[in-house]
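Scroll down for the structure; my scribbles are underneath it.
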Amino acid sequence: MTAVLSVTDAVKCFGATRALDGASFVLRPGEWLGLLGPNGAGKTTLVRAVSGRVRLDRGRIDLFGQPLDGPGKDPRRRLGIVPQEIALYPALTARENLAAFAALCRVPGGEIRDRVAWALDWTGLGDRADEPIKRFSGGMKRRLNIACGVLHRPEVVLLDEPTVGVDPQSRQRIWEMLEKLRADGASLLLATHQLDEAERVCERIVIIDHGRMIAGGTFAELVARTVGNKRWVVFAVDRQPPGASLPDGLAIAPDGTLRAAVEDVAGELSRLLSALHAAGVGVVDVRIETPSLQAVFLHLTGRELRE
Amino acid sequence: MIRTLLRIKWLSLKRDYAALGLTFAVPVAFFTVFAGLFGGLPTGDGDGQDRQRPLKIVVVDEDRSEGSRRFVAALTRQSAVEVSTGPGLGEQEPGAPEPPPDSYSRDDARRLVRGGRFAAAVAIPSGWGGSFGSLSPDRPAIDVVYDAANPMARHSVSGLVQVAAMEALPDLFMKGGFRLMDQTDSGLTPEQRRTVDELIAKVRSQLDEIRRKDAAGAEASGGSPAREEQEGFRGMVRVDASPARAEEGETRAKKTGSLVSYYAAGLGVMFLLFSVVGAGGAFLEEESRGTLERMLAGNVGMPTILLGNWLFTALVGFAQVSLMFVWGAVLFRIDLWSVQHLTGFAVMTVATASAAAGFGLVLAACCRSQAQLNGFATILVMVMSALGGSMVPRFVMPSFLDTTAKFTFNGWALDGYLKVFWYDDPNATLLESVADLLPQLGALAASTVVFLLVARLLARRWEVV
């Protein structure tokens, strides 16, 4: 399948700092791709390079098969960018902001009114359309911020932390909005630290660190390649007789839990419960932990702080 | 806790070179400029006075008597004035029987003062020398025609006329006094008359001696001749002073309006500068808010963004200055509503607002933060306003500061407005009036182009990295 966006061997240095060091990935038509990485990994530089704001020292970026800085019609006109910060005019109303950004995105004059009406409906801000947005809540501004980036019906949308700092209700509303874009065929590149959301909505995930792609694929592929497919069965215990012999070398942690890794939950859970019962261990609760993107992420990038 | 806070503040200041400069270097520069304005810069011998700018005056001698020639020569020796008697002429030759063919006439002199080329004109009427020393109220009076925009000119020149006359003609003054005594009932006895004649000859001889010494002293020092103040004789020369425009049928109200227009121009240009600083701040706010980045990422080019900002700022500036003048016209009777004034005002305001908007963009593009802009630009605008003549009329500035003002676009703007409202020629056609503004319009247009080019270059920092 032809990629709508491909980044190949991207290198960018800022002085002695190598922000991108051979990063590569592709975004396919209609796909949602999560771009993950710790702070300072090069995500922002990569997103800025795709939006044409950073010139690579080496490598290339193709949008719709056309080099970003090549001759001919600029392919970036088919790209929508939603920045992390609320890049709106606080003194303007929602409607005025939308109209302004529609014009800046080169939406034809005759269509602006319709696109603004669509955006107000899409964001659920129709009843507040004529209020200055400085009175809006964080979630409302965030929705408007996204709408201002897609007024020109882009085929590829770069979203940088679209749900940061908003409440669960607003977050839910934003994902519903983005699902509508997906239904219309837009491809999304989602740069985020919200790993649970990336795991839930993205079809593929790319993890970069130190300016390089260190892993990429579907969530299941990443799990299989990193933490493996074993599930953790976590038992909460309330008593342990002195000298009790636990099965499989298990031990009870100071917090009163006992963790066991299993390949086959259905086959092994009853055996473990029986063994614990026979040993006189009182089990009050059982929880099964599936492999998470967070576990994959920490496995790949380590646990030390990046600041 | 306080110590920690002080340390944070100090480190923040120490690492921001612009803020450091604003805190320490710029105030020193500011002080230097204003000290120069009001006190003159110190000279090599510690005397700042010789850098003061002399008043330029034009002298018309209609009397052509020996007394008038001596008076003109004495006036020319005053260091406080720079005398011209005709195009390319300085002091007229004493003893010359006829005026040089290109000497200024009284009408020429009035026109020149009205046009702002001279601060005042001194006209010596026929018969003045012959009646010198008379105390008759009908004696011919010296006319001083002054530029009302320069309130110092009238009194300074009137005073200098008294000084020059007393310096030049004490003998004639005594002669007049004794002539007056002679007209009393008994008159002078032959013996008294002989004594008086001897006294007059002695005074003249002493005067010649003083002049010889002055000339020798001036030659030795390379400066102007020393003078003796003769306070006792001051006020004895009859002087009629009138503003350069008074004889053109202008009403007092109109003159008052012209004075207001002088201040409206000065303050208008100064506040225009402050308002473009605000516009520059709004541009920086676009950067910090992220809308500038969004526009650039959205394929809106930097030239477009700059031009849009420039145009908006220029339009706001035009509206701001227009409002100030319309307000002045309504409330203070600024003469705005004639075709010549309205046209001149419009072209000057378009040119000034365009240059000011470009200046605002340069400021925004060279400052890294709003704090830098506010600090730096406020001081810069105040210095430029002072140099340009918005705060202090330029004719009171030392000549080197007046020359420096030619390098400020607001100085040119102020010159243009003054040409429109103050130094206008009521007999000029509309085309001539506009053509008279061409130097100012040209300077402002060139400034606009330079500002826009510099802003474009500086704005590269916001573009692709």
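Residues are referred to by chain and number: the chain letter is A, B, ... according to the order shown in the structure tokens, the number counts from 1 in that chain, and ligands are numbered separately from 1 in the order shown.
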Quiz prompt | Long-range neighbours of range 90-107 of chain A as number ranges by chain, 8 Å cut-off, only C-alpha atoms, 3 positions minimum in chain | solution = A: 77, 111-113, 115-116, 119-120, 125, 128-134, 144, 147-149, 151-152; B: 295, 298-300
Written selection (C-alpha atoms) as a PDB file, in the first residue's frame:
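Result file again29.pdb:
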ATOM      1  CA  ARG A  77      -1.761  21.962   1.473  1.00  0.00           C
ATOM      2  CA  GLU A 111     -17.061  27.515   1.438  1.00  0.00           C
ATOM      3  CA  ILE A 112     -15.923  29.157   4.639  1.00  0.00           C
ATOM      4  CA  ARG A 113     -19.409  29.675   6.007  1.00  0.00           C
ATOM      5  CA  ARG A 115     -17.009  24.773   6.925  1.00  0.00           C
ATOM      6  CA  VAL A 116     -17.417  26.972  10.009  1.00  0.00           C
ATOM      7  CA  ALA A 119     -16.856  22.712  12.636  1.00  0.00           C
ATOM      8  CA  LEU A 120     -19.217  24.241  15.194  1.00  0.00           C
ATOM      9  CA  LEU A 125     -19.776  24.490  20.240  1.00  0.00           C
ATOM     10  CA  ARG A 128     -21.287  29.172  22.243  1.00  0.00           C
ATOM     11  CA  ALA A 129     -20.235  30.138  18.723  1.00  0.00           C
ATOM     12  CA  ASP A 130     -20.382  33.863  19.290  1.00  0.00           C
ATOM     13  CA  GLU A 131     -18.615  34.082  22.622  1.00  0.00           C
ATOM     14  CA  PRO A 132     -14.977  35.166  22.899  1.00  0.00           C
ATOM     15  CA  ILE A 133     -13.069  31.975  23.494  1.00  0.00           C
ATOM     16  CA  LYS A 134     -11.179  33.366  26.465  1.00  0.00           C
ATOM     17  CA  LEU A 144     -11.777  24.327  18.761  1.00  0.00           C
ATOM     18  CA  ALA A 147     -11.219  22.039  14.419  1.00  0.00           C
ATOM     19  CA  CYS A 148      -9.086  24.976  13.252  1.00  0.00           C
ATOM     20  CA  GLY A 149      -6.521  22.497  11.917  1.00  0.00           C
ATOM     21  CA  LEU A 151     -11.170  23.047   8.222  1.00  0.00           C
ATOM     22  CA  HIS A 152      -9.565  22.543   4.819  1.00  0.00           C
TER      23      HIS A 152
ATOM     24  CA  MET B 295       0.340  30.157  10.348  1.00  0.00           C
ATOM     25  CA  GLY B 298      -0.069  26.183   7.561  1.00  0.00           C
ATOM     26  CA  ASN B 299       1.788  27.454   4.554  1.00  0.00           C
ATOM     27  CA  VAL B 300       1.306  31.174   5.155  1.00  0.00           C
TER      28      VAL B 300
END
Quiz item: What are the residues of chain A that have an atom within 6 Å of an atom of chain B, counting only C-alpha atoms, as JSON, numbers by chain?
Solution: {"A": [51, 53, 54, 55, 87]}
Using C-alpha atoms, can you write the selected residues to a file as a PDB file, in the first residue's frame?
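Contents of the output file result-v6.pdb:
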ATOM      1  CA  SER A  51       5.003  20.259   8.738  1.00  0.00           C
ATOM      2  CA  ARG A  53       9.129  23.984   9.869  1.00  0.00           C
ATOM      3  CA  VAL A  54      12.429  22.141  10.255  1.00  0.00           C
ATOM      4  CA  ARG A  55      14.771  21.502   7.332  1.00  0.00           C
ATOM      5  CA  ALA A  87      -2.929  28.453  19.160  1.00  0.00           C
TER       6      ALA A  87
END
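Excluding Val164 in chain A itself and same-chain residues fewer than 5 positions from it, the residues having an atom within 10 Å of it are Gln84, Glu85, Gly138, Gly139, Arg142, Arg171, Thr192, His193 and Gln194 of chain A, counting only C-alpha atoms.
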Using only N, CA and C atoms, please write the residues we just selected to a file, as a compact mmCIF listing (two decimals), in the first residue's frame.
# COMPACT_ATOMS: atom_id res chain seq x y z
N GLN A 84 0.08 21.35 19.86
CA GLN A 84 -0.21 21.00 21.26
C GLN A 84 -0.77 22.20 22.03
N GLU A 85 -0.18 23.40 21.79
CA GLU A 85 -0.67 24.57 22.51
C GLU A 85 -1.97 25.07 21.86
N GLY A 138 -11.05 24.62 29.21
CA GLY A 138 -9.90 24.03 28.53
C GLY A 138 -10.33 23.03 27.46
N GLY A 139 -11.34 22.23 27.77
CA GLY A 139 -11.80 21.23 26.82
C GLY A 139 -12.41 21.86 25.58
N ARG A 142 -9.70 23.20 23.45
CA ARG A 142 -8.96 22.09 22.83
C ARG A 142 -9.72 21.58 21.60
N ARG A 171 -12.23 14.60 26.76
CA ARG A 171 -11.35 13.66 26.07
C ARG A 171 -12.20 12.69 25.22
N THR A 192 1.92 11.57 21.09
CA THR A 192 1.28 11.67 22.41
C THR A 192 2.10 10.97 23.48
N HIS A 193 1.79 11.34 24.71
CA HIS A 193 2.29 10.61 25.87
C HIS A 193 1.17 9.82 26.53
N GLN A 194 -0.04 9.96 26.02
CA GLN A 194 -1.19 9.24 26.58
C GLN A 194 -1.16 7.82 26.01
Quiz item: Near Trp32 in chain A, within 6 Å and counting only C-alpha atoms, which residues show up once chain neighbours fewer than 4 positions away are dropped, as a PyMOL selection string?
Solution: chain A and resi 187-188+202-203
Got time to write the residues from that selection, C-alpha atoms, as a short mmCIF file (atom, residue, chain, number, x, y, z; two decimals), in the first residue's frame?
data_model
loop_
_atom_site.label_atom_id
_atom_site.label_comp_id
_atom_site.auth_asym_id
_atom_site.auth_seq_id
_atom_site.Cartn_x
_atom_site.Cartn_y
_atom_site.Cartn_z
CA SER A 187 -4.89 9.46 8.01
CA LEU A 188 -3.74 10.54 11.47
CA CYS A 202 -3.93 3.61 16.89
CA GLU A 203 -3.61 0.81 14.39
#
Find the residues near His341 in chain B: any atom within 12 Å, counting only C-alpha atoms, skip ones fewer than 3 places away on the same chain, and give them as a PDB file with C-alpha atoms, in the first residue's frame.
ATOM      1  CA  SER B 258      -1.444  76.847  14.176  1.00  0.00           C
ATOM      2  CA  SER B 261      -1.025  72.106  15.146  1.00  0.00           C
ATOM      3  CA  PHE B 325      -5.842  66.291  14.197  1.00  0.00           C
ATOM      4  CA  ALA B 329      -9.512  70.988  14.449  1.00  0.00           C
ATOM      5  CA  ILE B 334      -6.383  73.633  13.822  1.00  0.00           C
ATOM      6  CA  ASP B 335      -6.736  74.773  10.232  1.00  0.00           C
ATOM      7  CA  LEU B 336      -7.255  71.290   8.784  1.00  0.00           C
ATOM      8  CA  TRP B 337     -10.165  71.803   6.464  1.00  0.00           C
ATOM      9  CA  SER B 338      -8.543  73.707   3.616  1.00  0.00           C
ATOM     10  CA  GLY B 344      -0.663  67.813   2.896  1.00  0.00           C
ATOM     11  CA  PHE B 345      -1.881  66.195   6.080  1.00  0.00           C
ATOM     12  CA  ALA B 346      -3.105  63.108   4.230  1.00  0.00           C
ATOM     13  CA  VAL B 347       0.124  62.474   2.308  1.00  0.00           C
ATOM     14  CA  MET B 348       2.265  63.171   5.355  1.00  0.00           C
ATOM     15  CA  THR B 349       0.166  60.885   7.544  1.00  0.00           C
ATOM     16  CA  GLY B 416       6.698  67.691   7.013  1.00  0.00           C
ATOM     17  CA  TYR B 417       3.801  68.392   9.351  1.00  0.00           C
ATOM     18  CA  LEU B 418       5.292  71.758  10.251  1.00  0.00           C
ATOM     19  CA  LYS B 419       5.586  72.574   6.568  1.00  0.00           C
ATOM     20  CA  VAL B 420       1.911  71.754   6.114  1.00  0.00           C
ATOM     21  CA  PHE B 421       0.516  73.604   9.106  1.00  0.00           C
ATOM     22  CA  TRP B 422       3.067  76.161  10.148  1.00  0.00           C
ATOM     23  CA  TYR B 423       5.393  77.120   7.342  1.00  0.00           C
ATOM     24  CA  ASP B 424       2.748  76.938   4.630  1.00  0.00           C
ATOM     25  CA  ASP B 425       2.727  79.496   1.877  1.00  0.00           C
ATOM     26  CA  PRO B 426      -0.840  80.745   1.367  1.00  0.00           C
ATOM     27  CA  ALA B 428       1.271  78.351  -3.264  1.00  0.00           C
ATOM     28  CA  THR B 429      -0.833  76.068  -5.453  1.00  0.00           C
ATOM     29  CA  LEU B 430      -1.843  72.616  -4.258  1.00  0.00           C
ATOM     30  CA  LEU B 431       0.829  71.048  -6.449  1.00  0.00           C
ATOM     31  CA  SER B 433       2.478  72.638  -1.558  1.00  0.00           C
ATOM     32  CA  VAL B 434       2.809  68.905  -2.114  1.00  0.00           C
ATOM     33  CA  LEU B 437       6.939  68.103   0.967  1.00  0.00           C
TER      34      LEU B 437
END
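The space separating CA of Ala266 in chain A from CA of Ile288 in chain A comes to 11.1 Å.
The shell of residues at most 10 Å from range 290-296 of chain A, with only C-alpha atoms counted and near chain neighbours (fewer than 4 positions) removed, consists of His193, Gln194, Leu195, Asp196, Glu197, Ala198, Glu199, Arg200, Ile205, Ile207, Ala215, Phe219, Ala220, Leu222, Val223, Ala224, Arg225, Thr226, Val227, Gly228, Asn229, Lys230, Arg231, Trp232, Val233, Leu300, Thr301 and Gly302 of chain A.
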Quiz item: Contacts of Val81 in chain B at 8 Å or less, counting only C-alpha atoms, minus same-chain residues fewer than 6 places along, as number ranges by chain?
Solution: B: 54-57, 75
Expected file: the selected residues, C-alpha atoms, as an mmCIF file, in the first residue's frame:
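selection_28.cif was written with the following content:
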data_model
loop_
_atom_site.group_PDB
_atom_site.id
_atom_site.type_symbol
_atom_site.label_atom_id
_atom_site.label_comp_id
_atom_site.auth_asym_id
_atom_site.auth_seq_id
_atom_site.Cartn_x
_atom_site.Cartn_y
_atom_site.Cartn_z
ATOM 1 C CA PRO B 54 22.936 80.835 17.026
ATOM 2 C CA LEU B 55 19.605 82.209 15.884
ATOM 3 C CA LYS B 56 19.545 82.672 12.143
ATOM 4 C CA ILE B 57 18.241 86.137 11.309
ATOM 5 C CA LEU B 75 24.587 92.989 15.161
#
Self-check item: Length of the CA of Gly388 in chain B to CA of Ala265 in chain B vector [Å]
Solution: 11.1 Å
Quiz item: Looking only at the backbone, which of the residues in range 267-437 of chain B does DSSP tag as alpha helix (DSSP H), as a PyMOL selection string?
Solution: chain B and resi 267-289+291-297+302-332+339-366+370-388+399-405+409-421+430-436
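Using only C-alpha atoms, the shortest contact distance between Phe25 in chain A and any of A:Arg48, A:Arg239, A:Arg153, A:Arg60 is found at A:Arg60.
For the atom pair formed by CA of Val339 in chain B and CA of Met270 in chain B, the distance is 25.5 Å, given to one decimal.
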